[in-house]
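Engineer: This is the structure I want to talk about, given as structure tokens.
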Amino acid sequence: MNSRKFYIKTFGCQMNEYDSNKISDLLKSISFDKTEKIDDADCIVFNTCHIREKATQKVYSDIGKNKKIFKNKSKPIFVLAGCVAQAESSVVFEKSDYVDIVVGPQAYHKLPNLIEKFKKNKKRSVDTNLNVDEKFDVLNSLKNNLSKVSSFVTVQEGCDKFCKFCVVPYTRGPEFSRNHKTIINEIKSLTENGTKEIILLGQNVSAYKDENVTLAKLIKKIANINEVQRIRFTTSHPNDFDDELISLFGEEPKLMPQLHLPVQSGSDKVLKLMNRNHTRDDYLKLIDRFRLTRPDIQFSSDFIVGYPGETHEDHKDTINLIKDVGFSLSYSFIYSQRPGTPATNLDEISIEITKKRLEEVQGILFKQQLEFNNYMVNKENNVLFENKTQDQEQFFGRNQYMVPVFVKNNLIKAGEIKKIFIQNANRNNLFGKIV
């Protein structure tokens with residue numbers, strides 16, 4: 001008897017990657033084997049992202065393509081999971097007759113039962129319950145068998161900030177922090193399989209708190225695990241950094257000197273319109289505090305360009321903030337309406353204006369990124385190597401600042417940290433040789 005096979009496609013953020021790994025473990029628990037060939041699958045899962053309109057459109061486009069693949073074959077069970085499933089649960093079946101099961105990001109632990117029920121009665125179902133306690137009770141019983149050098153671990157979900165452009169409070173629910181003991185156990189399990197770097201994930205990870213264990217205290221506990229060589233965390237809100245967490249960047253050598261700290265705009269007026277609850281000056285002072293603690297720390301950020309109400313002067317404030325900080329990497333996007341968020345009802349700025357503003361913002365950000373990478377040339381970097389490139393000719397790793405580094409050397413092994421002399425750079429990568 002042939003075993004049942006499942007195929008999973010992940011859209012969007014790192015937390016979705018983590019969730020997809022957990023979904024895979026859940027399906028394996030009911031005798032499904034994972035396949036990388038979509039046309040071999042008896043069950044297909046799309047784990048989706050709703051952060052921008054294009055991301056949602058791509059999901060439905062890919063569902064249509066999938067439908068064509070199985071035009072002359074037996075139809076697989078099709079599961080729509082993640083944030084699109086949560087946000088569009090009431091209209092998914094209207095938009096696509098191909099979807100069988102709709103499950104939100106806080107209810108995917110129920111997939112084994114939902115799939116078995118569908119097999120019996122062929123009735124389509126929706127589960128978008130936001131019971132995150134129940135989800136982690138189930139997931140904590142699953143052993144994380146990933147064998148990656150660098151592994152994501154979700155420690156916090158949801159957000160209570162209610163920025164007016166953001167869907168997270170509606171798709172992921174309120175802030176929830178996992179039990180710190182189960183996190184430590186999961187990380188120990190990962191290190192048994194070769195993990196050397198842990199990246200802690202949360203929609204607002206700096207707000208993590210389980211009983212008296214804050215994010216800083218959790219990082220200290222993780223640092224005590226000998227096999228863990230590097231620790232990072234993402235994504236944070238500027239309002240949730242205490243003195244202990246800031247000081248930790250100067251005290252804990254395993255905590256890497258790179259921080260993703262979204263600001264979204266450099267204009268106080270726009271920040272207020274967004275309900276960010278911090279000012280431009282608050283953000284700059286926070287950057288200064290980090291640099292006093294760890295002078296070599298580097299920052300990445302997110303920028304929304306053309307938010308409703310943004311004027312030319314507001315745009316210039318953003319440009320000036322970018323120049324004042326100097327980012328090693330950043331992500332910038334034109335504002336995209338998300339149904340259900342307060343900003344949906346605001347008057348949008350013309351696409352011609354926003355495109356010009358985005359071009360200017362990205363021009364400076366890309367220049368800063370290239371300048372930082374060029375600054376690394378003729379310097380030594382500590383690089384944690386992860387794997388060989390597809391052509392098997394180079395080894396790939398990341399330096400302490402999260403920048404990809406490529407080295408032509410067959411003596412490197414995955415999981416090793418080596419000192420690399422950087423010879424060349426482009427905007428996205430560094431190239432070097434072993435010292």
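Labels for the structure tokens follow display order: chains A, B, ..., residues from 1 in each chain, ligands from 1.
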List every residue of stretch 262-283 of chain A that has an atom at most 8 Å from any atom of stretch 164-167 of chain A, giving for each one its closest atom pair and the distance in Å to one decimal, counting only C-alpha atoms, sorted by chain and then by ascending residue number, as CSV.
Structural biologist:
```
residue,atom,partner,partner_atom,distance
A:Leu273,CA,A:Lys164,CA,7.7
A:Met274,CA,A:Lys164,CA,5.1
A:Asn275,CA,A:Lys164,CA,6.1
```
Engineer: Mind dumping the selected residues with C-alpha atoms as a PDB file, in the first residue's frame?
Structural biologist:
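What landed in result_10.pdb:
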```
ATOM      1  CA  LEU A 273      -1.580  58.628  12.097  1.00  0.00           C
ATOM      2  CA  MET A 274      -0.274  55.053  12.108  1.00  0.00           C
ATOM      3  CA  ASN A 275      -0.831  54.764  15.896  1.00  0.00           C
TER       4      ASN A 275
END
```
Engineer: Just list the residues in stretch 165-264 of chain A DSSP gives helix (DSSP H, G or I) on the backbone, as an NGL selection string.
Structural biologist: :A and (168-171 or 180-192 or 205-207 or 215-223 or 238-240 or 243-251)
Engineer: Determine, counting only C-alpha atoms, which protein, DNA and RNA residues have an atom within 8 Å of an atom of A:Asn131; residues of the same chain fewer than 3 positions away are not included. Present the result as a list of chain:residue names.
Structural biologist: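 So the residues in contact are A:Gln106, A:Ala107, A:Glu134, A:Lys135.
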Engineer: Write a file of the selected residues as an mmCIF file, in the first residue's frame, keeping C-alpha atoms.
Structural biologist:
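Written file, result04.cif:
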```cif
data_model
loop_
_atom_site.group_PDB
_atom_site.id
_atom_site.type_symbol
_atom_site.label_atom_id
_atom_site.label_comp_id
_atom_site.auth_asym_id
_atom_site.auth_seq_id
_atom_site.Cartn_x
_atom_site.Cartn_y
_atom_site.Cartn_z
ATOM 1 C CA GLN A 106 -3.878 29.679 15.683
ATOM 2 C CA ALA A 107 -5.944 26.616 14.740
ATOM 3 C CA GLU A 134 -4.518 25.115 23.010
ATOM 4 C CA LYS A 135 -2.315 25.283 19.924
#
```
Engineer: Identify which of the residues A:Val325, A:Phe395, A:Gly415, A:Ser336 lies closest to A:Ile364, counting only C-alpha atoms when measuring atom-to-atom distances.
Structural biologist: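 Going through A:Val325, A:Phe395, A:Gly415, A:Ser336 one by one, the smallest distance to A:Ile364 is for A:Val325.
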Engineer: If you count only C-alpha atoms, which residues fall within 8 Å of A:Gly202, apart from same-chain ones fewer than 5 positions away, as JSON, numbers by chain?
Structural biologist: {"A": [15, 154, 155, 156, 157, 158, 234, 235, 236]}
Engineer: Can you write out the residues you just picked, keeping C-alpha atoms, as a PDB file, in the first residue's frame?
Structural biologist:
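File produced: part_7.pdb:
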```
ATOM      1  CA  MET A  15       7.012  32.613  11.466  1.00  0.00           C
ATOM      2  CA  THR A 154       8.563  31.005  17.754  1.00  0.00           C
ATOM      3  CA  VAL A 155       8.443  32.340  21.315  1.00  0.00           C
ATOM      4  CA  GLN A 156       5.716  34.962  21.036  1.00  0.00           C
ATOM      5  CA  GLU A 157       2.684  35.491  18.810  1.00  0.00           C
ATOM      6  CA  GLY A 158       0.123  38.200  18.222  1.00  0.00           C
ATOM      7  CA  THR A 234      12.960  39.429  15.333  1.00  0.00           C
ATOM      8  CA  THR A 235      10.646  41.415  15.000  1.00  0.00           C
ATOM      9  CA  SER A 236      10.448  44.129  17.668  1.00  0.00           C
TER      10      SER A 236
END
```
Engineer: As a list of chain:residue names, please: the residues near A:Gly250 (cut-off 9 Å, only C-alpha atoms, same-chain neighbours under 5 positions excluded).
Structural biologist: A:Leu255, A:Pro257, A:Phe290, A:Leu292, A:Thr293, A:Arg294, A:Pro295
Engineer: Taking C-alpha atoms for each residue, export the selection above as a compact mmCIF listing (two decimals), in the first residue's frame.
Structural biologist:
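What landed in again-v7.txt:
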```txt
# COMPACT_ATOMS: atom_id res chain seq x y z
CA LEU A 255 23.75 37.70 21.03
CA PRO A 257 25.21 42.72 16.93
CA PHE A 290 22.09 50.52 21.56
CA LEU A 292 26.51 53.14 23.41
CA THR A 293 26.06 49.56 24.61
CA ARG A 294 27.43 47.88 21.46
CA PRO A 295 29.29 50.31 19.17
```
Engineer: Can you pull out every residue within 7 Å of A:Pro262, counting only C-alpha atoms, but drop anything in the same chain fewer than 3 positions away, and send it as a PDB file with C-alpha atoms, in the first residue's frame?
Structural biologist:
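The new file result_38.pdb reads:
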```pdb
ATOM      1  CA  HIS A 237       8.499  47.290  18.418  1.00  0.00           C
ATOM      2  CA  SER A 301      14.197  48.416   9.406  1.00  0.00           C
ATOM      3  CA  ASP A 302      10.840  48.549   7.597  1.00  0.00           C
TER       4      ASP A 302
END
```
Engineer: For the structure I just gave you, how does DSSP split stretch 153-381 of chain A - specifically, which residues are strand (DSSP E)? Reply as a PyMOL selection string.
Structural biologist: chain A and resi 153-154+156-157+176-177+197-201+209-210+213-214+230-234+258-260+298-305+329-334+380-381
Engineer: What lies within 9 Å of A:Ala55 using only C-alpha atoms, ignoring chain neighbours under 4 positions off, as a list in words?
Structural biologist: Phe11, Gly12, Thr48, Cys49, His50, Ile51, Val59 and Val84 of chain A
Engineer: Between atom CA of A:Ser141 and atom CA of A:Val45, what is the distance, to one decimal in Å?
Structural biologist: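 Interatomic distance, atom CA of A:Ser141 to atom CA of A:Val45: 21.7 Å.
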Engineer: Under the rule that only C-alpha atoms are counted, which of A:Tyr98, A:Tyr331, A:Phe6, A:Tyr170 is the nearest residue to A:Gly64?
Structural biologist: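 Using only C-alpha atoms, A:Gly64 sits closest to A:Tyr98.
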Engineer: Find the residue from A:Val305, A:Cys43, A:Leu248, A:Leu190 that sits nearest to A:Ile101; use only C-alpha atoms when measuring.
Structural biologist: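 Among the listed residues, the smallest separation from A:Ile101 belongs to A:Cys43.
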Engineer: So how many Å separate atom CA of A:Tyr18 and atom CA of A:His109, to one decimal?
Structural biologist: 13.1 Å
